[in-house]
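Structure data follow from run_8.pdb (PDB, C-alpha atoms):
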```pdb
ATOM      1  CA  MET A  25      -3.638 -15.070  -3.647
ATOM      2  CA  SER A  26      -6.948 -16.420  -4.929
ATOM      3  CA  ASP A  27      -8.081 -18.179  -8.085
ATOM      4  CA  ALA A  28     -11.624 -16.829  -7.815
ATOM      5  CA  ALA A  29     -12.530 -14.046 -10.211
ATOM      6  CA  ALA A  30     -14.761 -11.030  -9.691
ATOM      7  CA  PRO A  31     -16.570  -9.482 -12.678
ATOM      8  CA  SER A  32     -14.278  -6.980 -14.348
ATOM      9  CA  HIS A  33     -15.495  -3.860 -16.106
ATOM     10  CA  LEU A  34     -12.351  -2.416 -17.652
ATOM     11  CA  ALA A  35     -10.699  -3.748 -20.820
ATOM     12  CA  PRO A  36      -7.046  -3.453 -21.829
ATOM     13  CA  GLY A  37      -6.537  -0.086 -23.511
ATOM     14  CA  ALA A  38      -9.208   1.671 -21.430
ATOM     15  CA  THR A  39      -8.301   5.173 -20.320
ATOM     16  CA  VAL A  40      -8.761   5.491 -16.577
ATOM     17  CA  ARG A  41      -8.205   8.012 -13.846
ATOM     18  CA  CYS A  42      -7.094   6.974 -10.380
ATOM     19  CA  ARG A  43      -9.568   8.470  -7.929
ATOM     20  CA  ALA A  44      -8.393  10.920  -5.325
ATOM     21  CA  GLN A  45      -8.765   9.159  -2.014
ATOM     22  CA  ASP A  46      -8.841   9.894   1.654
ATOM     23  CA  PRO A  47      -9.001   6.420   3.107
ATOM     24  CA  SER A  48      -9.122   5.894   6.826
ATOM     25  CA  ARG A  49      -7.178   2.682   6.450
ATOM     26  CA  HIS A  50      -4.516   0.914   4.462
ATOM     27  CA  ASN A  51      -4.809   1.522   0.766
ATOM     28  CA  ARG A  52      -2.559   0.724  -2.143
ATOM     29  CA  ALA A  53      -2.998   3.692  -4.477
ATOM     30  CA  PRO A  54       0.049   5.884  -3.907
ATOM     31  CA  ARG A  55      -0.502   9.615  -3.837
ATOM     32  CA  TYR A  56       1.537  10.140  -6.985
ATOM     33  CA  VAL A  57      -1.046   8.371  -9.191
ATOM     34  CA  GLN A  58      -4.180   9.774  -7.533
ATOM     35  CA  GLY A  59      -5.994  12.046  -9.951
ATOM     36  CA  ARG A  60      -3.730  10.956 -12.808
ATOM     37  CA  VAL A  61      -4.820   9.390 -16.082
ATOM     38  CA  GLY A  62      -3.377   6.101 -17.302
ATOM     39  CA  GLU A  63      -4.137   3.133 -19.516
ATOM     40  CA  VAL A  64      -5.241  -0.340 -18.482
ATOM     41  CA  VAL A  65      -2.607  -2.853 -19.598
ATOM     42  CA  GLU A  66      -4.254  -6.050 -18.418
ATOM     43  CA  LEU A  67      -6.416  -7.674 -15.784
ATOM     44  CA  ARG A  68      -4.141  -9.258 -13.209
ATOM     45  CA  ARG A  69      -6.454 -11.176 -10.871
ATOM     46  CA  SER A  70      -9.139 -10.624  -8.264
ATOM     47  CA  GLN A  71      -8.095  -9.804  -4.728
ATOM     48  CA  PRO A  72      -9.825  -8.435  -1.640
ATOM     49  CA  LEU A  73      -9.764  -4.672  -1.418
ATOM     50  CA  PRO A  74      -6.954  -3.725   0.976
ATOM     51  CA  GLY A  75      -8.245  -2.109   4.109
ATOM     52  CA  GLU A  76     -11.697  -3.625   3.878
ATOM     53  CA  SER A  77     -10.452  -6.829   5.420
ATOM     54  CA  LEU A  78      -9.363  -4.942   8.531
ATOM     55  CA  GLY A  79     -11.395  -4.908  11.679
ATOM     56  CA  GLY A  80     -12.545  -8.505  11.813
ATOM     57  CA  GLY A  81     -15.413  -8.121   9.370
ATOM     58  CA  GLY A  82     -14.418 -11.277   7.571
ATOM     59  CA  PRO A  83     -12.861 -11.534   4.135
ATOM     60  CA  ALA A  84     -13.415  -8.484   1.955
ATOM     61  CA  GLU A  85     -15.181  -8.734  -1.370
ATOM     62  CA  LEU A  86     -12.991  -9.833  -4.252
ATOM     63  CA  THR A  87     -12.217  -6.943  -6.588
ATOM     64  CA  PRO A  88     -10.482  -7.005  -9.982
ATOM     65  CA  VAL A  89      -6.918  -5.717  -9.956
ATOM     66  CA  TYR A  90      -5.474  -4.199 -13.119
ATOM     67  CA  ALA A  91      -2.003  -3.295 -14.268
ATOM     68  CA  VAL A  92      -2.293   0.386 -15.199
ATOM     69  CA  ARG A  93       0.409   2.264 -17.082
ATOM     70  CA  PHE A  94       1.009   5.973 -16.538
ATOM     71  CA  ALA A  95       3.272   8.150 -18.688
ATOM     72  CA  ALA A  96       6.073   9.704 -16.649
ATOM     73  CA  ALA A  97       5.125  13.102 -18.014
ATOM     74  CA  GLU A  98       1.605  12.633 -16.610
ATOM     75  CA  LEU A  99       3.004  11.840 -13.164
ATOM     76  CA  TRP A 100       6.088  14.010 -12.945
ATOM     77  CA  GLY A 101       5.665  16.562 -15.729
ATOM     78  CA  ALA A 102       8.665  15.224 -17.649
ATOM     79  CA  GLY A 103      10.316  12.018 -18.810
ATOM     80  CA  ASP A 104       9.835   9.521 -21.627
ATOM     81  CA  HIS A 105       9.405   6.405 -19.504
ATOM     82  CA  SER A 106       6.251   5.014 -17.962
ATOM     83  CA  VAL A 107       5.265   3.630 -14.582
ATOM     84  CA  THR A 108       3.010   0.560 -14.342
ATOM     85  CA  LEU A 109       1.384  -0.458 -11.094
ATOM     86  CA  ASP A 110      -1.403  -2.718  -9.911
ATOM     87  CA  LEU A 111      -4.588  -0.898  -8.927
ATOM     88  CA  TRP A 112      -7.902  -2.222  -7.654
ATOM     89  CA  GLU A 113     -10.967  -1.457  -9.785
ATOM     90  CA  HIS A 114     -12.421   0.476  -6.856
ATOM     91  CA  TYR A 115      -9.590   2.988  -7.261
ATOM     92  CA  LEU A 116     -10.317   3.652 -10.945
ATOM     93  CA  GLU A 117     -12.862   5.536 -13.006
ATOM     94  CA  GLU A 118     -13.119   5.626 -16.773
ATOM     95  CA  ALA A 119     -11.605   8.827 -18.083
ATOM     96  CA  GLY A 120     -12.805   8.678 -21.684
ATOM     97  CA  ASN A 121     -10.638  10.616 -24.093
ATOM     98  CA  PRO A 122      -7.972  12.370 -22.001
ATOM     99  CA  GLY A 123      -7.456  14.903 -24.800
ATOM    100  CA  ALA A 124     -11.015  16.157 -24.352
ATOM    101  CA  GLU A 125     -10.354  17.656 -20.963
ATOM    102  CA  GLU A 126      -7.534  19.376 -19.229
ATOM    103  CA  ASN A 127      -5.283  17.191 -17.172
ATOM    104  CA  PRO A 128      -4.880  18.161 -13.552
TER     105      PRO A 128
ATOM    106  CA  MET B   7      -4.719   9.773  13.996
ATOM    107  CA  ARG B   8      -6.470   7.308  11.713
ATOM    108  CA  ASP B   9      -8.522  10.101  10.211
ATOM    109  CA  ASN B  10      -5.407  11.588   8.638
ATOM    110  CA  ALA B  11      -4.650   8.513   6.572
ATOM    111  CA  SER B  12      -4.272  10.495   3.371
ATOM    112  CA  VAL B  13      -1.058  11.959   4.736
ATOM    113  CA  ARG B  14       0.336   8.755   6.139
ATOM    114  CA  PRO B  15       4.108   9.055   6.234
ATOM    115  CA  HIS B  16       4.926   5.942   4.206
ATOM    116  CA  ASP B  17       3.522   7.386   0.985
ATOM    117  CA  VAL B  18       6.711   9.037  -0.235
ATOM    118  CA  GLY B  19       6.760   7.675  -3.805
ATOM    119  CA  GLY B  20       8.035  10.391  -6.110
ATOM    120  CA  MET B  21       9.000  12.625  -3.205
ATOM    121  CA  GLY B  22      12.454  14.164  -3.393
ATOM    122  CA  GLY B  23      14.953  14.933  -0.697
ATOM    123  CA  PHE B  24      15.680  11.417   0.596
ATOM    124  CA  GLY B  25      18.841  10.962  -1.461
ATOM    125  CA  PRO B  26      19.736   8.057  -3.729
ATOM    126  CA  VAL B  27      18.485   4.526  -3.118
ATOM    127  CA  SER B  28      21.410   2.246  -2.273
ATOM    128  CA  PRO B  29      20.358  -1.408  -2.514
ATOM    129  CA  ASP B  30      22.165  -3.727  -0.141
ATOM    130  CA  GLU B  31      24.322  -6.556  -1.353
ATOM    131  CA  PRO B  32      22.063  -9.469  -2.377
ATOM    132  CA  ASP B  33      23.329 -11.732   0.412
ATOM    133  CA  GLU B  34      22.794  -9.119   3.098
ATOM    134  CA  ALA B  35      19.223  -9.958   4.084
ATOM    135  CA  PHE B  36      19.623  -8.759   7.674
ATOM    136  CA  HIS B  37      21.924  -6.262   9.328
ATOM    137  CA  ALA B  38      21.622  -7.776  12.803
ATOM    138  CA  ASP B  39      20.346 -10.948  14.460
ATOM    139  CA  TRP B  40      17.358  -9.164  15.954
ATOM    140  CA  GLU B  41      16.131  -8.292  12.464
ATOM    141  CA  ALA B  42      16.027 -11.980  11.523
ATOM    142  CA  ARG B  43      14.118 -12.689  14.741
ATOM    143  CA  VAL B  44      11.582  -9.981  13.936
ATOM    144  CA  PHE B  45      11.175 -11.428  10.454
ATOM    145  CA  ALA B  46      10.658 -14.962  11.812
ATOM    146  CA  LEU B  47       8.239 -13.778  14.492
ATOM    147  CA  ASN B  48       6.114 -12.060  11.872
ATOM    148  CA  VAL B  49       6.027 -15.223   9.744
ATOM    149  CA  ALA B  50       4.897 -17.224  12.777
ATOM    150  CA  LEU B  51       2.182 -14.736  13.698
ATOM    151  CA  ARG B  52       0.901 -14.564  10.121
ATOM    152  CA  ARG B  53       0.737 -18.368   9.910
ATOM    153  CA  ARG B  54      -1.246 -18.423  13.133
ATOM    154  CA  ASP B  55      -3.574 -15.838  11.594
ATOM    155  CA  THR B  56      -2.982 -13.509  14.515
ATOM    156  CA  TYR B  57      -3.263 -10.675  12.000
ATOM    157  CA  SER B  58      -3.478 -10.272   8.221
ATOM    158  CA  SER B  59      -0.985  -8.734   5.821
ATOM    159  CA  ASP B  60      -3.253  -5.727   5.418
ATOM    160  CA  GLU B  61      -3.489  -5.265   9.168
ATOM    161  CA  PHE B  62       0.293  -5.445   9.413
ATOM    162  CA  ARG B  63       0.795  -2.860   6.663
ATOM    163  CA  ASP B  64      -1.884  -0.676   8.219
ATOM    164  CA  ALA B  65      -0.155  -0.852  11.591
ATOM    165  CA  ILE B  66       3.132   0.269  10.019
ATOM    166  CA  GLU B  67       1.397   3.181   8.311
ATOM    167  CA  ARG B  68      -0.294   4.249  11.540
ATOM    168  CA  MET B  69       3.037   5.040  13.136
ATOM    169  CA  PRO B  70       3.468   8.703  14.061
ATOM    170  CA  PRO B  71       5.249  10.388  11.123
ATOM    171  CA  ASP B  72       8.306  11.422  13.106
ATOM    172  CA  ALA B  73       8.811   7.914  14.449
ATOM    173  CA  TYR B  74       8.156   6.348  11.043
ATOM    174  CA  LEU B  75      10.728   8.460   9.259
ATOM    175  CA  ALA B  76      13.331   7.941  11.994
ATOM    176  CA  SER B  77      12.922   4.135  12.053
ATOM    177  CA  SER B  78      14.659   1.464  10.033
ATOM    178  CA  TYR B  79      12.720  -1.122   8.040
ATOM    179  CA  TYR B  80      12.670  -3.808  10.730
ATOM    180  CA  GLU B  81      12.202  -1.290  13.510
ATOM    181  CA  ARG B  82       8.890  -0.479  11.795
ATOM    182  CA  TRP B  83       8.043  -4.187  11.658
ATOM    183  CA  MET B  84       8.780  -4.561  15.354
ATOM    184  CA  ARG B  85       6.664  -1.573  16.220
ATOM    185  CA  ALA B  86       3.732  -2.727  14.050
ATOM    186  CA  MET B  87       3.821  -6.206  15.574
ATOM    187  CA  THR B  88       3.832  -4.722  19.058
ATOM    188  CA  THR B  89       0.912  -2.432  18.192
ATOM    189  CA  LEU B  90      -1.186  -5.299  16.822
ATOM    190  CA  LEU B  91      -0.392  -7.719  19.642
ATOM    191  CA  ILE B  92      -1.422  -5.121  22.227
ATOM    192  CA  GLU B  93      -4.583  -4.184  20.316
ATOM    193  CA  LYS B  94      -5.559  -7.843  20.035
ATOM    194  CA  GLY B  95      -4.899  -8.483  23.698
ATOM    195  CA  VAL B  96      -2.017 -10.902  23.137
ATOM    196  CA  LEU B  97       0.368  -8.575  24.937
ATOM    197  CA  ALA B  98      -0.462  -6.389  27.895
ATOM    198  CA  GLY B  99       0.027  -2.702  27.305
ATOM    199  CA  ASP B 100      -1.549   0.563  26.320
ATOM    200  CA  PRO B 101      -2.378   0.655  22.586
ATOM    201  CA  GLY B 102      -2.256   4.433  22.677
ATOM    202  CA  ALA B 103       1.195   4.615  24.217
ATOM    203  CA  ASP B 104       3.830   6.098  21.960
ATOM    204  CA  GLU B 105       6.498   3.551  22.820
TER     205      GLU B 105
END
```
Would you put the structure from the file into structure tokens?
Amino acid sequence: MSDAAAPSHLAPGATVRCRAQDPSRHNRAPRYVQGRVGEVVELRRSQPLPGESLGGGGPAELTPVYAVRFAAAELWGAGDHSVTLDLWEHYLEEAGNPGAEENP
Amino acid sequence: MRDNASVRPHDVGGMGGFGPVSPDEPDEAFHADWEARVFALNVALRRRDTYSSDEFRDAIERMPPDAYLASSYYERWMRAMTTLLIEKGVLAGDPGADE
């Protein structure tokens, strides 16, 4: 969508948790990854945060978008596969060592 | 109902009970002529910048859950386009009306 780049703060391999969200508008973090811990695969590009561009306020701020991989067992409780999806940095928080705390 | 966005009806990823996904044949882009017209109309409106992709997706997700779940893919597109065109004053109508 855009060749411009926003500063990114997450490196490939970083352990991240998708924030639980209650947005009032369009958002692109499906419920099934909210609160779940995954791993950053790569930085994709910078794109405006979905939902922030609504309402005629002009273009939203560019935000880094990452491919984040979640183990099926983390999402569904079972399975050996993984699910990778693109998530905006705003949706993510560093989760440190996932073994150090109980998963939700 | 915009305050209840966290339970918007489109967010069914991982939810059971809908049965198997049956992809259409690759050459079956549309099931009826009106679907192609809805598709083309949306392309035209996007190129004119009448609304953005995010606004369009948001309008689909704002559908009442019962209507959303009972509608086909392009029925949702038609409804979202109608919603946005009324809200932006392109079409006359009541933005709060259900139909």
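CA of Ala98 (chain B) sits 20.5 Å away from CA of Asp64 (chain B).
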message: Please report the interatomic distance between CA of Arg93 (chain A) and CA of Val40 (chain A) in Å with one decimal.
response: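 Separating CA of Arg93 (chain A) from CA of Val40 (chain A) is a distance of 9.7 Å.
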Centre, x/y/z edge lengths, axis-aligned box for region 13-28 of chain B with 8 Å per side, as AutoDock Vina command-line options:
```
--center_x 10.2 --center_y 8.6 --center_z 0.1 --size_x 38.5 --size_y 28.7 --size_z 28.3
```
task: For Glu81 (chain B), work out the shell of residues within 10 Å, counting all atoms listed in the file and skipping chain neighbours fewer than 4 positions away, then give it as a PyMOL selection string.
output: chain B and resi 40-41+44+66+73-74+76-77+85-87
message: Can you translate the PyMOL selection byres ((chain A and resi 118) around 7) into the concrete residues it hits in this file, as a PyMOL selection string?
response: chain A and resi 39-41+116-117+119-120
message: With the PyMOL selection byres ((chain B and resi 65) around 10) as the selection, what would be picked from this file? Answer as a ChimeraX atom specification, please.
response: /A:49-50 /B:59-64,66-69,82-83,85-90
- request: Between B:Tyr79, B:Phe24, B:Ala42, B:Leu47, single out the one closest to Leu91 (chain B), counting all atoms listed in the file.
  value: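 Result for the nearest residue to Leu91 (chain B): B:Leu47.
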task: Would you list the residues near (-7.5, 2.2, -12.3), meaning any protein, DNA or RNA residue with an atom at most 12 Å from that point in file coordinates, counting only C-alpha atoms, as number ranges by chain?
output: A: 32-44, 52-54, 57-68, 87-94, 108-119
- line: Counting only C-alpha atoms, closest pick from B:Gly95, B:Pro15, B:Pro70, B:Gly23 relative to chain A is B:Pro15
statement: Pairwise distance, CA of Asn51 (chain A) with CA of Gly75 (chain A), equals 6.0 Å
field: Resolved residues for the PyMOL selection byres ((chain A and resi 71-73) around 6) as number ranges by chain
entry: A: 70, 74, 76, 84-87
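Nearest-residue note for chain A: choosing from B:Glu93, B:Asp39, B:Glu34, B:Asp72, the minimum distance belongs to B:Glu93, counting all atoms listed in the file.
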- prompt: Of the residues B:Ala35, B:Leu75, B:Val96, B:Val27, which is the one nearest to Tyr57 (chain B), using all atoms listed in the file?
  reply: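 With all atoms listed in the file as the atom set, the closest residue is B:Val96.
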